$ cat run_33.cif   # mmCIF, C-alpha atoms; chains and numbers go by the auth columns
data_structure
loop_
_atom_site.group_PDB
_atom_site.id
_atom_site.type_symbol
_atom_site.label_atom_id
_atom_site.label_comp_id
_atom_site.label_asym_id
_atom_site.label_seq_id
_atom_site.Cartn_x
_atom_site.Cartn_y
_atom_site.Cartn_z
_atom_site.B_iso_or_equiv
_atom_site.auth_seq_id
_atom_site.auth_asym_id
ATOM 1 C CA MET A 1 15.481 -20.971 -197.688 0.00 1 A
ATOM 2 C CA ASP A 2 11.930 -19.594 -197.760 0.00 2 A
ATOM 3 C CA ASN A 3 12.627 -17.512 -194.674 0.00 3 A
ATOM 4 C CA ARG A 4 15.699 -15.999 -196.341 0.00 4 A
ATOM 5 C CA MET A 5 13.729 -15.117 -199.502 0.00 5 A
ATOM 6 C CA ASN A 6 10.964 -13.586 -197.404 0.00 6 A
ATOM 7 C CA THR A 7 13.539 -11.523 -195.525 0.00 7 A
ATOM 8 C CA ILE A 8 15.132 -10.262 -198.761 0.00 8 A
ATOM 9 C CA ALA A 9 11.731 -9.403 -200.231 0.00 9 A
ATOM 10 C CA GLY A 10 10.765 -7.583 -197.048 0.00 10 A
ATOM 11 C CA TRP A 11 13.932 -5.485 -197.019 0.00 11 A
ATOM 12 C CA THR A 12 13.486 -4.688 -200.720 0.00 12 A
ATOM 13 C CA LEU A 13 9.922 -3.477 -200.184 0.00 13 A
ATOM 14 C CA ALA A 14 11.024 -1.442 -197.178 0.00 14 A
ATOM 15 C CA GLY A 15 13.802 0.182 -199.212 0.00 15 A
ATOM 16 C CA LEU A 16 11.395 1.089 -202.026 0.00 16 A
ATOM 17 C CA ALA A 17 8.931 2.573 -199.579 0.00 17 A
ATOM 18 C CA ALA A 18 11.687 4.628 -197.942 0.00 18 A
ATOM 19 C CA ALA A 19 12.908 5.904 -201.317 0.00 19 A
ATOM 20 C CA LEU A 20 9.376 6.889 -202.312 0.00 20 A
ATOM 21 C CA GLY A 21 8.884 8.715 -199.045 0.00 21 A
ATOM 22 C CA LEU A 22 12.165 10.631 -199.432 0.00 22 A
ATOM 23 C CA THR A 23 11.219 11.629 -202.986 0.00 23 A
ATOM 24 C CA VAL A 24 7.865 13.042 -201.893 0.00 24 A
ATOM 25 C CA ALA A 25 9.443 14.854 -198.950 0.00 25 A
ATOM 26 C CA SER A 26 12.199 16.396 -201.068 0.00 26 A
ATOM 27 C CA GLU A 27 9.664 17.654 -203.611 0.00 27 A
ATOM 28 C CA MET A 28 7.710 19.342 -200.823 0.00 28 A
ATOM 29 C CA ILE A 29 10.817 20.969 -199.363 0.00 29 A
ATOM 30 C CA PHE A 30 12.565 21.946 -202.577 0.00 30 A
ATOM 31 C CA GLU A 31 9.562 23.058 -204.601 0.00 31 A
ATOM 32 C CA GLY A 32 10.641 24.262 -208.059 0.00 32 A
ATOM 33 C CA GLY A 33 10.183 27.847 -209.197 0.00 33 A
ATOM 34 C CA ARG A 34 12.009 31.132 -209.720 0.00 34 A
ATOM 35 C CA PRO A 35 13.529 32.534 -206.499 0.00 35 A
ATOM 36 C CA GLU A 36 12.043 35.751 -205.147 0.00 36 A
ATOM 37 C CA LYS A 37 15.404 37.493 -205.562 0.00 37 A
ATOM 38 C CA MET A 38 17.929 36.467 -208.199 0.00 38 A
ATOM 39 C CA GLY A 39 21.343 35.658 -206.780 0.00 39 A
ATOM 40 C CA TYR A 40 23.131 37.108 -209.814 0.00 40 A
ATOM 41 C CA PRO A 41 21.997 38.525 -213.134 0.00 41 A
ATOM 42 C CA ILE A 42 21.563 36.143 -216.057 0.00 42 A
ATOM 43 C CA GLU A 43 21.846 37.527 -219.573 0.00 43 A
ATOM 44 C CA GLY A 44 18.453 37.604 -221.241 0.00 44 A
ATOM 45 C CA VAL A 45 16.527 37.148 -217.959 0.00 45 A
ATOM 46 C CA GLU A 46 14.928 40.250 -216.513 0.00 46 A
ATOM 47 C CA GLY A 47 14.674 40.862 -212.825 0.00 47 A
ATOM 48 C CA GLU A 48 11.251 41.162 -211.179 0.00 48 A
ATOM 49 C CA GLY A 49 9.564 44.313 -212.397 0.00 49 A
ATOM 50 C CA ALA A 50 12.344 45.183 -214.837 0.00 50 A
ATOM 51 C CA GLY A 51 10.086 44.864 -217.854 0.00 51 A
ATOM 52 C CA GLY A 52 7.895 47.709 -216.641 0.00 52 A
ATOM 53 C CA ALA A 53 10.672 50.237 -216.083 0.00 53 A
ATOM 54 C CA ALA A 54 10.798 52.721 -218.934 0.00 54 A
ATOM 55 C CA ALA A 55 14.184 53.897 -220.167 0.00 55 A
ATOM 56 C CA VAL A 56 15.003 57.557 -219.561 0.00 56 A
ATOM 57 C CA PRO A 57 14.704 59.497 -222.852 0.00 57 A
ATOM 58 C CA PHE A 58 18.101 60.381 -224.279 0.00 58 A
ATOM 59 C CA ALA A 59 17.121 64.055 -224.509 0.00 59 A
ATOM 60 C CA THR A 60 16.560 64.025 -220.740 0.00 60 A
ATOM 61 C CA LEU A 61 20.012 62.541 -220.169 0.00 61 A
ATOM 62 C CA LEU A 62 21.550 65.122 -222.507 0.00 62 A
ATOM 63 C CA ALA A 63 20.030 67.951 -220.477 0.00 63 A
ATOM 64 C CA SER A 64 22.187 66.964 -217.509 0.00 64 A
ATOM 65 C CA ALA A 65 25.172 65.668 -219.508 0.00 65 A
ATOM 66 C CA ASP A 66 28.684 66.764 -218.559 0.00 66 A
ATOM 67 C CA PRO A 67 31.053 67.316 -221.519 0.00 67 A
ATOM 68 C CA ALA A 68 34.042 67.121 -219.153 0.00 68 A
ATOM 69 C CA LYS A 69 33.022 63.621 -218.099 0.00 69 A
ATOM 70 C CA GLY A 70 32.396 62.845 -221.757 0.00 70 A
ATOM 71 C CA ALA A 71 35.987 63.831 -222.537 0.00 71 A
ATOM 72 C CA GLU A 72 37.163 61.242 -220.015 0.00 72 A
ATOM 73 C CA VAL A 73 34.954 58.513 -221.508 0.00 73 A
ATOM 74 C CA PHE A 74 36.075 59.532 -225.010 0.00 74 A
ATOM 75 C CA LYS A 75 39.634 58.530 -224.105 0.00 75 A
ATOM 76 C CA LYS A 76 38.488 54.983 -224.937 0.00 76 A
ATOM 77 C CA CYS A 77 37.988 56.188 -228.518 0.00 77 A
ATOM 78 C CA THR A 78 41.284 57.993 -229.048 0.00 78 A
ATOM 79 C CA ALA A 79 43.048 54.843 -230.208 0.00 79 A
ATOM 80 C CA CYS A 80 41.038 55.160 -233.439 0.00 80 A
ATOM 81 C CA HIS A 81 39.700 58.733 -233.611 0.00 81 A
ATOM 82 C CA THR A 82 40.870 62.316 -233.369 0.00 82 A
ATOM 83 C CA VAL A 83 38.402 65.084 -232.550 0.00 83 A
ATOM 84 C CA ASN A 84 40.386 68.287 -233.050 0.00 84 A
ATOM 85 C CA GLN A 85 39.734 70.614 -235.982 0.00 85 A
ATOM 86 C CA GLY A 86 41.780 69.499 -238.969 0.00 86 A
ATOM 87 C CA GLY A 87 42.881 66.356 -237.142 0.00 87 A
ATOM 88 C CA ALA A 88 44.088 63.408 -239.140 0.00 88 A
ATOM 89 C CA ASN A 89 41.998 60.331 -239.731 0.00 89 A
ATOM 90 C CA GLY A 90 43.177 57.225 -237.941 0.00 90 A
ATOM 91 C CA ILE A 91 41.661 53.770 -237.984 0.00 91 A
ATOM 92 C CA GLY A 92 38.421 55.743 -237.734 0.00 92 A
ATOM 93 C CA PRO A 93 37.580 59.174 -239.152 0.00 93 A
ATOM 94 C CA ASN A 94 38.236 62.517 -237.498 0.00 94 A
ATOM 95 C CA LEU A 95 35.126 63.439 -235.484 0.00 95 A
ATOM 96 C CA TYR A 96 35.394 67.242 -235.331 0.00 96 A
ATOM 97 C CA GLY A 97 31.978 68.811 -235.965 0.00 97 A
ATOM 98 C CA ILE A 98 30.359 65.423 -236.585 0.00 98 A
ATOM 99 C CA ILE A 99 27.012 66.084 -234.880 0.00 99 A
ATOM 100 C CA GLY A 100 24.510 67.051 -237.574 0.00 100 A
ATOM 101 C CA LYS A 101 26.636 65.812 -240.479 0.00 101 A
ATOM 102 C CA PRO A 102 25.530 63.034 -242.880 0.00 102 A
ATOM 103 C CA HIS A 103 26.794 59.508 -242.332 0.00 103 A
ATOM 104 C CA GLY A 104 30.060 59.062 -244.188 0.00 104 A
ATOM 105 C CA HIS A 105 30.506 62.801 -244.794 0.00 105 A
ATOM 106 C CA LEU A 106 34.314 62.948 -245.000 0.00 106 A
ATOM 107 C CA GLY A 107 35.578 62.572 -248.533 0.00 107 A
ATOM 108 C CA ASN A 108 39.076 61.569 -247.384 0.00 108 A
ATOM 109 C CA PHE A 109 38.037 58.547 -245.322 0.00 109 A
ATOM 110 C CA ALA A 110 37.039 55.111 -246.628 0.00 110 A
ATOM 111 C CA TYR A 111 33.809 54.422 -244.763 0.00 111 A
ATOM 112 C CA SER A 112 32.217 51.002 -245.013 0.00 112 A
ATOM 113 C CA SER A 113 29.295 50.725 -247.393 0.00 113 A
ATOM 114 C CA ALA A 114 27.276 49.599 -244.354 0.00 114 A
ATOM 115 C CA LEU A 115 27.653 52.987 -242.690 0.00 115 A
ATOM 116 C CA LYS A 116 27.306 55.034 -245.859 0.00 116 A
ATOM 117 C CA GLY A 117 24.031 53.259 -246.536 0.00 117 A
ATOM 118 C CA VAL A 118 22.442 54.365 -243.256 0.00 118 A
ATOM 119 C CA PRO A 119 19.877 57.122 -243.948 0.00 119 A
ATOM 120 C CA GLY A 120 19.779 60.404 -242.065 0.00 120 A
ATOM 121 C CA ASN A 121 22.435 62.420 -240.266 0.00 121 A
ATOM 122 C CA TRP A 122 24.470 62.056 -237.116 0.00 122 A
ATOM 123 C CA ASP A 123 21.890 63.719 -234.883 0.00 123 A
ATOM 124 C CA PHE A 124 21.873 63.217 -231.118 0.00 124 A
ATOM 125 C CA ASP A 125 19.683 60.096 -231.168 0.00 125 A
ATOM 126 C CA ALA A 126 21.662 58.568 -234.025 0.00 126 A
ATOM 127 C CA MET A 127 24.913 59.022 -232.143 0.00 127 A
ATOM 128 C CA ASP A 128 23.344 57.498 -229.029 0.00 128 A
ATOM 129 C CA ALA A 129 22.191 54.446 -231.001 0.00 129 A
ATOM 130 C CA TRP A 130 25.607 54.119 -232.653 0.00 130 A
ATOM 131 C CA LEU A 131 27.470 54.322 -229.354 0.00 131 A
ATOM 132 C CA THR A 132 25.092 51.754 -227.853 0.00 132 A
ATOM 133 C CA SER A 133 25.948 49.170 -230.512 0.00 133 A
ATOM 134 C CA PRO A 134 27.702 50.064 -233.780 0.00 134 A
ATOM 135 C CA ARG A 135 27.006 46.614 -235.215 0.00 135 A
ATOM 136 C CA LYS A 136 23.251 46.904 -234.622 0.00 136 A
ATOM 137 C CA TYR A 137 23.102 50.454 -235.963 0.00 137 A
ATOM 138 C CA ALA A 138 25.018 49.638 -239.146 0.00 138 A
ATOM 139 C CA PRO A 139 25.250 45.858 -239.669 0.00 139 A
ATOM 140 C CA GLY A 140 28.480 45.138 -241.487 0.00 140 A
ATOM 141 C CA THR A 141 30.341 48.169 -240.129 0.00 141 A
ATOM 142 C CA LYS A 142 34.123 47.940 -239.937 0.00 142 A
ATOM 143 C CA MET A 143 34.066 49.418 -236.439 0.00 143 A
ATOM 144 C CA THR A 144 34.834 46.724 -233.875 0.00 144 A
ATOM 145 C CA PHE A 145 33.983 48.751 -230.750 0.00 145 A
ATOM 146 C CA ALA A 146 31.332 46.857 -228.753 0.00 146 A
ATOM 147 C CA GLY A 147 29.566 49.995 -227.514 0.00 147 A
ATOM 148 C CA LEU A 148 28.931 51.878 -224.269 0.00 148 A
ATOM 149 C CA GLY A 149 26.410 50.171 -222.027 0.00 149 A
ATOM 150 C CA ASN A 150 25.910 53.132 -219.675 0.00 150 A
ATOM 151 C CA ALA A 151 23.343 55.583 -221.069 0.00 151 A
ATOM 152 C CA GLN A 152 24.673 58.558 -219.086 0.00 152 A
ATOM 153 C CA ASP A 153 28.194 57.874 -220.372 0.00 153 A
ATOM 154 C CA ARG A 154 26.812 58.007 -223.914 0.00 154 A
ATOM 155 C CA ALA A 155 25.036 61.282 -223.177 0.00 155 A
ATOM 156 C CA ASP A 156 28.253 62.760 -221.753 0.00 156 A
ATOM 157 C CA VAL A 157 30.244 61.660 -224.807 0.00 157 A
ATOM 158 C CA VAL A 158 27.660 63.070 -227.226 0.00 158 A
ATOM 159 C CA ALA A 159 27.626 66.368 -225.310 0.00 159 A
ATOM 160 C CA TYR A 160 31.435 66.426 -225.550 0.00 160 A
ATOM 161 C CA LEU A 161 31.384 65.692 -229.295 0.00 161 A
ATOM 162 C CA ASN A 162 28.775 68.399 -229.818 0.00 162 A
ATOM 163 C CA ALA A 163 31.096 70.888 -228.122 0.00 163 A
ATOM 164 C CA GLN A 164 33.879 69.978 -230.587 0.00 164 A
ATOM 165 C CA GLY A 165 32.863 72.076 -233.581 0.00 165 A
ATOM 166 C CA SER A 166 29.121 71.338 -233.836 0.00 166 A
ATOM 167 C CA ASN A 167 27.577 73.299 -230.950 0.00 167 A
ATOM 168 C CA LEU A 168 24.023 72.437 -231.973 0.00 168 A
ATOM 169 C CA PRO A 169 21.167 73.229 -229.573 0.00 169 A
ATOM 170 C CA LEU A 170 20.221 70.216 -227.454 0.00 170 A
ATOM 171 C CA PRO A 171 16.845 68.632 -228.161 0.00 171 A
ATOM 172 C CA ALA A 172 14.042 69.465 -225.756 0.00 172 A
ATOM 173 C CA ALA A 173 13.464 66.799 -223.129 0.00 173 A
ATOM 174 C CA PRO A 174 9.943 65.289 -223.319 0.00 174 A
ATOM 175 C CA ALA A 175 7.467 66.124 -220.592 0.00 175 A
ATOM 176 C CA ALA A 176 7.218 63.649 -217.725 0.00 176 A
ATOM 177 C CA GLY A 177 5.028 60.716 -218.736 0.00 177 A
ATOM 178 C CA ALA A 178 4.963 61.707 -222.402 0.00 178 A
ATOM 179 C CA GLU A 179 5.869 59.021 -224.932 0.00 179 A
ATOM 180 C CA ALA A 180 8.699 60.150 -227.177 0.00 180 A
ATOM 181 C CA PRO A 181 8.077 59.659 -230.920 0.00 181 A
ATOM 182 C CA ALA A 182 10.163 57.120 -232.795 0.00 182 A
ATOM 183 C CA THR A 183 13.416 58.601 -234.060 0.00 183 A
ATOM 184 C CA GLN A 184 15.280 57.990 -237.305 0.00 184 A
ATOM 185 C CA ALA A 185 17.981 56.277 -235.241 0.00 185 A
ATOM 186 C CA GLU A 186 15.471 53.785 -233.799 0.00 186 A
ATOM 187 C CA THR A 187 14.185 53.118 -237.302 0.00 187 A
ATOM 188 C CA ASN A 188 17.737 52.512 -238.540 0.00 188 A
ATOM 189 C CA VAL A 189 18.387 49.961 -235.782 0.00 189 A
ATOM 190 C CA ALA A 190 15.001 48.240 -236.209 0.00 190 A
ATOM 191 C CA GLU A 191 15.356 48.017 -239.987 0.00 191 A
ATOM 192 C CA GLY A 192 19.081 47.305 -240.110 0.00 192 A
ATOM 193 C CA ALA A 193 20.166 45.094 -242.996 0.00 193 A
ATOM 194 C CA PRO A 194 20.746 41.480 -241.829 0.00 194 A
ATOM 195 C CA THR A 195 23.940 41.111 -243.879 0.00 195 A
ATOM 196 C CA ALA A 196 27.324 42.768 -243.961 0.00 196 A
ATOM 197 C CA ASP A 197 27.440 42.671 -247.768 0.00 197 A
ATOM 198 C CA LEU A 198 25.436 45.835 -248.341 0.00 198 A
ATOM 199 C CA GLU A 199 27.273 46.667 -251.556 0.00 199 A
ATOM 200 C CA ASN A 200 25.492 43.764 -253.254 0.00 200 A
ATOM 201 C CA ALA A 201 22.032 44.665 -251.920 0.00 201 A
ATOM 202 C CA ALA A 202 19.887 45.553 -254.942 0.00 202 A
ATOM 203 C CA THR A 203 16.530 47.329 -254.893 0.00 203 A
ATOM 204 C CA PRO A 204 13.727 45.019 -256.169 0.00 204 A
ATOM 205 C CA ALA A 205 12.052 46.168 -259.373 0.00 205 A
ATOM 206 C CA SER A 206 8.395 47.182 -259.284 0.00 206 A
ATOM 207 C CA GLY A 207 6.206 44.108 -259.728 0.00 207 A
ATOM 208 C CA ALA A 208 8.652 41.859 -257.888 0.00 208 A
ATOM 209 C CA PRO A 209 6.938 39.529 -255.345 0.00 209 A
ATOM 210 C CA SER A 210 8.842 41.173 -252.509 0.00 210 A
ATOM 211 C CA VAL A 211 7.240 44.566 -253.130 0.00 211 A
ATOM 212 C CA ASP A 212 4.021 43.726 -255.039 0.00 212 A
ATOM 213 C CA PRO A 213 1.454 41.530 -253.160 0.00 213 A
ATOM 214 C CA ALA A 214 -0.389 40.730 -256.408 0.00 214 A
ATOM 215 C CA ALA A 215 2.827 39.521 -257.994 0.00 215 A
ATOM 216 C CA ALA A 216 3.449 37.355 -254.940 0.00 216 A
ATOM 217 C CA VAL A 217 0.018 35.690 -255.371 0.00 217 A
ATOM 218 C CA GLN A 218 0.704 35.056 -259.076 0.00 218 A
ATOM 219 C CA ALA A 219 4.107 33.562 -258.249 0.00 219 A
ATOM 220 C CA ALA A 220 2.485 31.249 -255.695 0.00 220 A
ATOM 221 C CA LYS A 221 -0.101 30.065 -258.265 0.00 221 A
ATOM 222 C CA LYS A 222 2.621 29.343 -260.802 0.00 222 A
ATOM 223 C CA GLY A 223 4.517 27.368 -258.174 0.00 223 A
ATOM 224 C CA ASP A 224 1.408 25.239 -257.598 0.00 224 A
#
$ encode --input "run_33.cif" --output "C-alpha coordinates"
Amino acid sequence: MDNRMNTIAGWTLAGLAAALGLTVASEMIFEGGRPEKMGYPIEGVEGEGAGGAAAVPFATLLASADPAKGAEVFKKCTACHTVNQGGANGIGPNLYGIIGKPHGHLGNFAYSSALKGVPGNWDFDAMDAWLTSPRKYAPGTKMTFAGLGNAQDRADVVAYLNAQGSNLPLPAAPAAGAEAPATQAETNVAEGAPTADLENAATPASGAPSVDPAAAVQAAKKGD
(Lines of atoms letter the chains of each structure in order from A and count residues from 1; the text may use other names and numbers.)
(Lines give C-alpha, C1' and ligand atoms only; values in the text may rest on other atoms or scores of the structure.)
Protein backbone atom coordinates (compact mmCIF):
# COMPACT_ATOMS: atom_id res chain seq x y z
CA MET A 1 0.00 0.00 0.00
CA ASP A 2 2.84 2.36 0.94
CA ASN A 3 4.65 1.54 -2.29
CA ARG A 4 1.53 2.40 -4.30
CA MET A 5 1.12 5.76 -2.50
CA ASN A 6 4.79 6.54 -3.04
CA THR A 7 4.41 5.74 -6.73
CA ILE A 8 1.35 8.00 -7.08
CA ALA A 9 3.10 10.83 -5.24
CA GLY A 10 6.16 10.43 -7.43
CA TRP A 11 4.16 10.58 -10.65
CA THR A 12 2.25 13.62 -9.37
CA LEU A 13 5.47 15.49 -8.57
CA ALA A 14 6.91 14.53 -11.95
CA GLY A 15 3.79 15.81 -13.72
CA LEU A 16 3.94 19.14 -11.85
CA ALA A 17 7.60 19.55 -12.68
CA ALA A 18 6.93 18.82 -16.35
CA ALA A 19 4.06 21.33 -16.45
CA LEU A 20 6.23 24.00 -14.84
CA GLY A 21 9.00 23.36 -17.32
CA LEU A 22 6.61 23.61 -20.29
CA THR A 23 5.21 26.88 -18.95
CA VAL A 24 8.65 28.45 -18.66
CA ALA A 25 9.66 27.20 -22.10
CA SER A 26 6.49 28.49 -23.76
CA GLU A 27 6.97 31.93 -22.20
CA MET A 28 10.50 32.07 -23.59
CA ILE A 29 9.38 31.03 -27.07
CA PHE A 30 6.17 33.02 -27.31
CA GLU A 31 7.31 36.22 -25.62
CA GLY A 32 4.48 38.78 -25.55
CA GLY A 33 4.69 42.08 -27.40
CA ARG A 34 3.53 43.90 -30.52
CA PRO A 35 4.69 42.22 -33.76
CA GLU A 36 7.21 44.11 -35.88
CA LYS A 37 4.72 44.23 -38.75
CA MET A 38 0.96 44.21 -38.21
CA GLY A 39 -0.82 41.44 -40.07
CA TYR A 40 -3.86 43.62 -40.75
CA PRO A 41 -4.91 47.11 -39.72
CA ILE A 42 -6.86 47.52 -36.48
CA GLU A 43 -9.09 50.55 -36.10
CA GLY A 44 -7.61 52.98 -33.61
CA VAL A 45 -4.14 51.36 -33.68
CA GLU A 46 -1.50 53.16 -35.70
CA GLY A 47 1.16 51.35 -37.62
CA GLU A 48 4.83 51.85 -36.72
CA GLY A 49 5.83 55.39 -37.56
CA ALA A 50 2.33 56.43 -38.61
CA GLY A 51 2.03 58.99 -35.85
CA GLY A 52 4.92 61.00 -37.27
CA ALA A 53 3.62 61.26 -40.83
CA ALA A 54 2.11 64.67 -41.44
CA ALA A 55 -1.02 64.91 -43.56
CA VAL A 56 -0.64 66.67 -46.91
CA PRO A 57 -2.20 70.16 -46.71
CA PHE A 58 -5.51 70.32 -48.55
CA ALA A 59 -4.32 73.31 -50.57
CA THR A 60 -1.48 71.14 -51.90
CA LEU A 61 -3.95 68.43 -52.93
CA LEU A 62 -6.17 71.04 -54.59
CA ALA A 63 -3.26 72.25 -56.71
CA SER A 64 -3.13 68.88 -58.45
CA ALA A 65 -6.87 68.10 -58.24
CA ASP A 66 -8.70 66.86 -61.33
CA PRO A 67 -12.29 68.17 -61.70
CA ALA A 68 -13.04 65.38 -64.19
CA LYS A 69 -12.18 62.77 -61.58
CA GLY A 70 -14.19 64.80 -59.08
CA ALA A 71 -17.21 64.54 -61.38
CA GLU A 72 -16.90 60.76 -61.24
CA VAL A 73 -16.66 60.73 -57.43
CA PHE A 74 -19.58 63.18 -57.24
CA LYS A 75 -21.83 60.55 -58.81
CA LYS A 76 -22.10 59.14 -55.27
CA CYS A 77 -23.82 62.40 -54.31
CA THR A 78 -26.33 62.66 -57.15
CA ALA A 79 -28.92 60.58 -55.31
CA CYS A 80 -29.43 63.62 -53.05
CA HIS A 81 -27.95 66.65 -54.84
CA THR A 82 -28.07 68.44 -58.16
CA VAL A 83 -25.24 70.75 -59.19
CA ASN A 84 -26.51 72.44 -62.35
CA GLN A 85 -27.52 76.10 -62.40
CA GLY A 86 -31.16 76.43 -61.38
CA GLY A 87 -31.33 72.74 -60.50
CA ALA A 88 -34.01 71.55 -58.14
CA ASN A 89 -33.33 70.67 -54.54
CA GLY A 90 -33.58 67.00 -53.71
CA ILE A 91 -33.05 65.30 -50.39
CA GLY A 92 -30.13 67.74 -50.19
CA PRO A 93 -29.84 71.26 -51.60
CA ASN A 94 -28.72 72.20 -55.09
CA LEU A 95 -24.94 72.77 -54.97
CA TYR A 96 -24.41 75.12 -57.93
CA GLY A 97 -22.00 77.91 -56.95
CA ILE A 98 -21.75 76.66 -53.37
CA ILE A 99 -18.04 77.34 -52.80
CA GLY A 100 -17.74 80.66 -50.98
CA LYS A 101 -21.40 80.83 -49.95
CA PRO A 102 -22.57 80.91 -46.30
CA HIS A 103 -23.75 77.70 -44.67
CA GLY A 104 -27.46 77.30 -45.29
CA HIS A 105 -27.57 80.01 -47.96
CA LEU A 106 -30.53 78.75 -50.02
CA GLY A 107 -33.80 80.23 -48.88
CA ASN A 108 -35.85 77.47 -50.53
CA PHE A 109 -34.25 74.55 -48.69
CA ALA A 110 -34.91 73.45 -45.10
CA TYR A 111 -31.41 73.08 -43.69
CA SER A 112 -30.95 71.56 -40.26
CA SER A 113 -30.33 74.02 -37.45
CA ALA A 114 -27.06 72.14 -36.89
CA LEU A 115 -25.71 73.22 -40.26
CA LYS A 116 -27.14 76.72 -40.17
CA GLY A 117 -25.42 77.24 -36.84
CA VAL A 118 -21.94 76.54 -38.22
CA PRO A 119 -20.01 79.83 -38.54
CA GLY A 120 -18.18 80.88 -41.68
CA ASN A 121 -18.68 80.06 -45.35
CA TRP A 122 -18.24 77.04 -47.55
CA ASP A 123 -14.60 77.76 -48.35
CA PHE A 124 -12.26 75.06 -49.62
CA ASP A 125 -11.17 73.85 -46.17
CA ALA A 126 -14.74 73.85 -44.88
CA MET A 127 -15.89 71.70 -47.77
CA ASP A 128 -12.97 69.33 -47.19
CA ALA A 129 -13.88 68.97 -43.51
CA TRP A 130 -17.55 68.46 -44.38
CA LEU A 131 -16.79 65.79 -46.96
CA THR A 132 -14.48 64.05 -44.49
CA SER A 133 -17.25 63.65 -41.92
CA PRO A 134 -20.51 65.63 -42.08
CA ARG A 135 -21.49 64.49 -38.58
CA LYS A 136 -18.25 65.78 -37.04
CA TYR A 137 -18.41 69.06 -38.94
CA ALA A 138 -22.02 69.77 -37.98
CA PRO A 139 -23.16 67.47 -35.15
CA GLY A 140 -26.86 66.87 -35.56
CA THR A 141 -26.88 67.32 -39.34
CA LYS A 142 -29.63 65.57 -41.29
CA MET A 143 -27.09 64.38 -43.85
CA THR A 144 -26.47 60.65 -43.44
CA PHE A 145 -23.49 60.38 -45.82
CA ALA A 146 -20.54 58.89 -43.90
CA GLY A 147 -17.90 60.90 -45.77
CA LEU A 148 -15.03 60.37 -48.20
CA GLY A 149 -11.99 58.80 -46.60
CA ASN A 150 -9.61 59.50 -49.50
CA ALA A 151 -8.18 63.03 -49.29
CA GLN A 152 -7.40 63.26 -53.02
CA ASP A 153 -10.98 62.23 -53.85
CA ARG A 154 -12.20 65.09 -51.65
CA ALA A 155 -9.85 67.52 -53.39
CA ASP A 156 -11.10 66.36 -56.81
CA VAL A 157 -14.73 66.76 -55.74
CA VAL A 158 -14.11 70.24 -54.32
CA ALA A 159 -12.31 71.26 -57.52
CA TYR A 160 -15.31 69.96 -59.50
CA LEU A 161 -17.80 71.85 -57.30
CA ASN A 162 -15.73 75.02 -57.63
CA ALA A 163 -15.96 74.71 -61.41
CA GLN A 164 -19.78 74.56 -61.17
CA GLY A 165 -20.59 78.26 -60.83
CA SER A 166 -18.08 79.38 -58.18
CA ASN A 167 -14.74 79.49 -60.03
CA LEU A 168 -12.88 80.94 -57.06
CA PRO A 169 -9.07 81.08 -57.15
CA LEU A 170 -7.51 78.09 -55.40
CA PRO A 171 -5.69 78.79 -52.14
CA ALA A 172 -1.91 78.94 -52.29
CA ALA A 173 -0.24 75.72 -51.20
CA PRO A 174 2.02 76.20 -48.14
CA ALA A 175 5.77 76.01 -48.61
CA ALA A 176 7.38 72.64 -47.95
CA GLY A 177 7.89 72.17 -44.21
CA ALA A 178 5.75 75.17 -43.29
CA GLU A 179 3.00 74.60 -40.73
CA ALA A 180 -0.37 75.67 -42.08
CA PRO A 181 -2.39 77.94 -39.75
CA ALA A 182 -5.58 76.60 -38.21
CA THR A 183 -8.58 77.12 -40.47
CA GLN A 184 -12.16 78.02 -39.61
CA ALA A 185 -13.14 74.52 -40.72
CA GLU A 186 -10.75 72.92 -38.21
CA THR A 187 -12.15 75.18 -35.50
CA ASN A 188 -15.70 74.16 -36.43
CA VAL A 189 -14.84 70.46 -36.14
CA ALA A 190 -12.87 70.90 -32.90
CA GLU A 191 -15.60 72.99 -31.27
CA GLY A 192 -18.58 71.13 -32.70
CA ALA A 193 -21.61 71.04 -30.42
CA PRO A 194 -21.90 67.65 -28.63
CA THR A 195 -25.67 67.45 -29.18
CA ALA A 196 -27.98 67.29 -32.15
CA ASP A 197 -30.53 69.58 -30.48
CA LEU A 198 -28.87 72.84 -31.44
CA GLU A 199 -32.17 74.71 -31.62
CA ASN A 200 -32.41 74.53 -27.82
CA ALA A 201 -28.81 75.64 -27.20
CA ALA A 202 -29.00 78.98 -25.38
CA THR A 203 -26.16 81.46 -24.88
CA PRO A 204 -25.26 81.81 -21.15
CA ALA A 205 -25.87 85.25 -19.69
CA SER A 206 -22.91 87.30 -18.50
CA GLY A 207 -22.07 86.38 -14.91
CA ALA A 208 -23.09 82.75 -15.40
CA PRO A 209 -20.56 80.26 -13.91
CA SER A 210 -19.89 78.83 -17.36
CA VAL A 211 -18.53 82.12 -18.68
CA ASP A 212 -17.48 84.02 -15.52
CA PRO A 213 -14.72 82.37 -13.38
CA ALA A 214 -15.56 84.60 -10.39
CA ALA A 215 -19.19 83.53 -10.55
CA ALA A 216 -18.05 79.91 -10.65
CA VAL A 217 -16.04 80.40 -7.42
CA GLN A 218 -19.03 82.04 -5.71
CA ALA A 219 -21.30 79.19 -6.82
CA ALA A 220 -18.83 76.66 -5.39
CA LYS A 221 -18.74 78.50 -2.03
CA LYS A 222 -22.53 78.55 -1.86
CA GLY A 223 -22.59 74.82 -2.59
CA ASP A 224 -20.24 74.25 0.36
$ resolve_selection --input "run_33.cif" --expression "the PyMOL selection byres ((chain A and resi 138) around 7)" --output "ChimeraX atom specification"
/A:114-115,118,134-137,139-141,192
$ residues_around --input "run_33.cif" --residues "Pro67 in chain A" --least-positions-apart "3" --cutoff "12 Å" --atoms "only C-alpha atoms" --output "ChimeraX atom specification"
/A:62-64,70-74,152-164,167
$ atom_distance --input "run_33.cif" --atom1 "CA of Asn89 in chain A" --atom2 "CA of Pro119 in chain A"
22.7 Å
$ resolve_selection --input "run_33.cif" --expression "the PyMOL selection byres ((chain A and resi 91-93) around 8)" --output "PyMOL selection string"
chain A and resi 79-82+88-90+94-95+106+109+143
$ closest_residue --input "run_33.cif" --among "A:Tyr96, A:Ser133, A:Ser166, A:Gly87" --to "Asn150 in chain A" --atoms "only C-alpha atoms"
A:Ser133
$ atom_distance --input "run_33.cif" --atom1 "CA of Ala176 in chain A" --atom2 "CA of Phe124 in chain A"
19.9 Å
$ closest_residue --input "run_33.cif" --among "A:Ala151, A:Ala175, A:Lys142, A:Asn108" --to "Gly86 in chain A" --atoms "all atoms listed in the file"
A:Asn108
$ atom_distance --input "run_33.cif" --atom1 "CA of Tyr111 in chain A" --atom2 "CA of Gly149 in chain A"
24.3 Å
$ axis_aligned_box --input "run_33.cif" --around "range 144-153 of chain A" --padding-each-side "3 Å" --output "AutoDock Vina command-line options"
--center_x 29.1 --center_y 52.6 --center_z -226.5 --size_x 17.5 --size_y 17.8 --size_z 20.8
$ closest_residue --input "run_33.cif" --among "A:Ala110, A:His105, A:Gly165, A:Ala59" --to "Val83 in chain A" --atoms "all atoms listed in the file"
A:Gly165
$ resolve_selection --input "run_33.cif" --expression "the PyMOL selection byres ((chain A and resi 101) around 6)" --output "NGL selection string"
:A and (98-100 or 102 or 121-122)
$ closest_residue --input "run_33.cif" --among "A:His103, A:Lys69, A:Lys116, A:Lys76" --to "Gly147 in chain A" --atoms "only C-alpha atoms"
A:Lys76
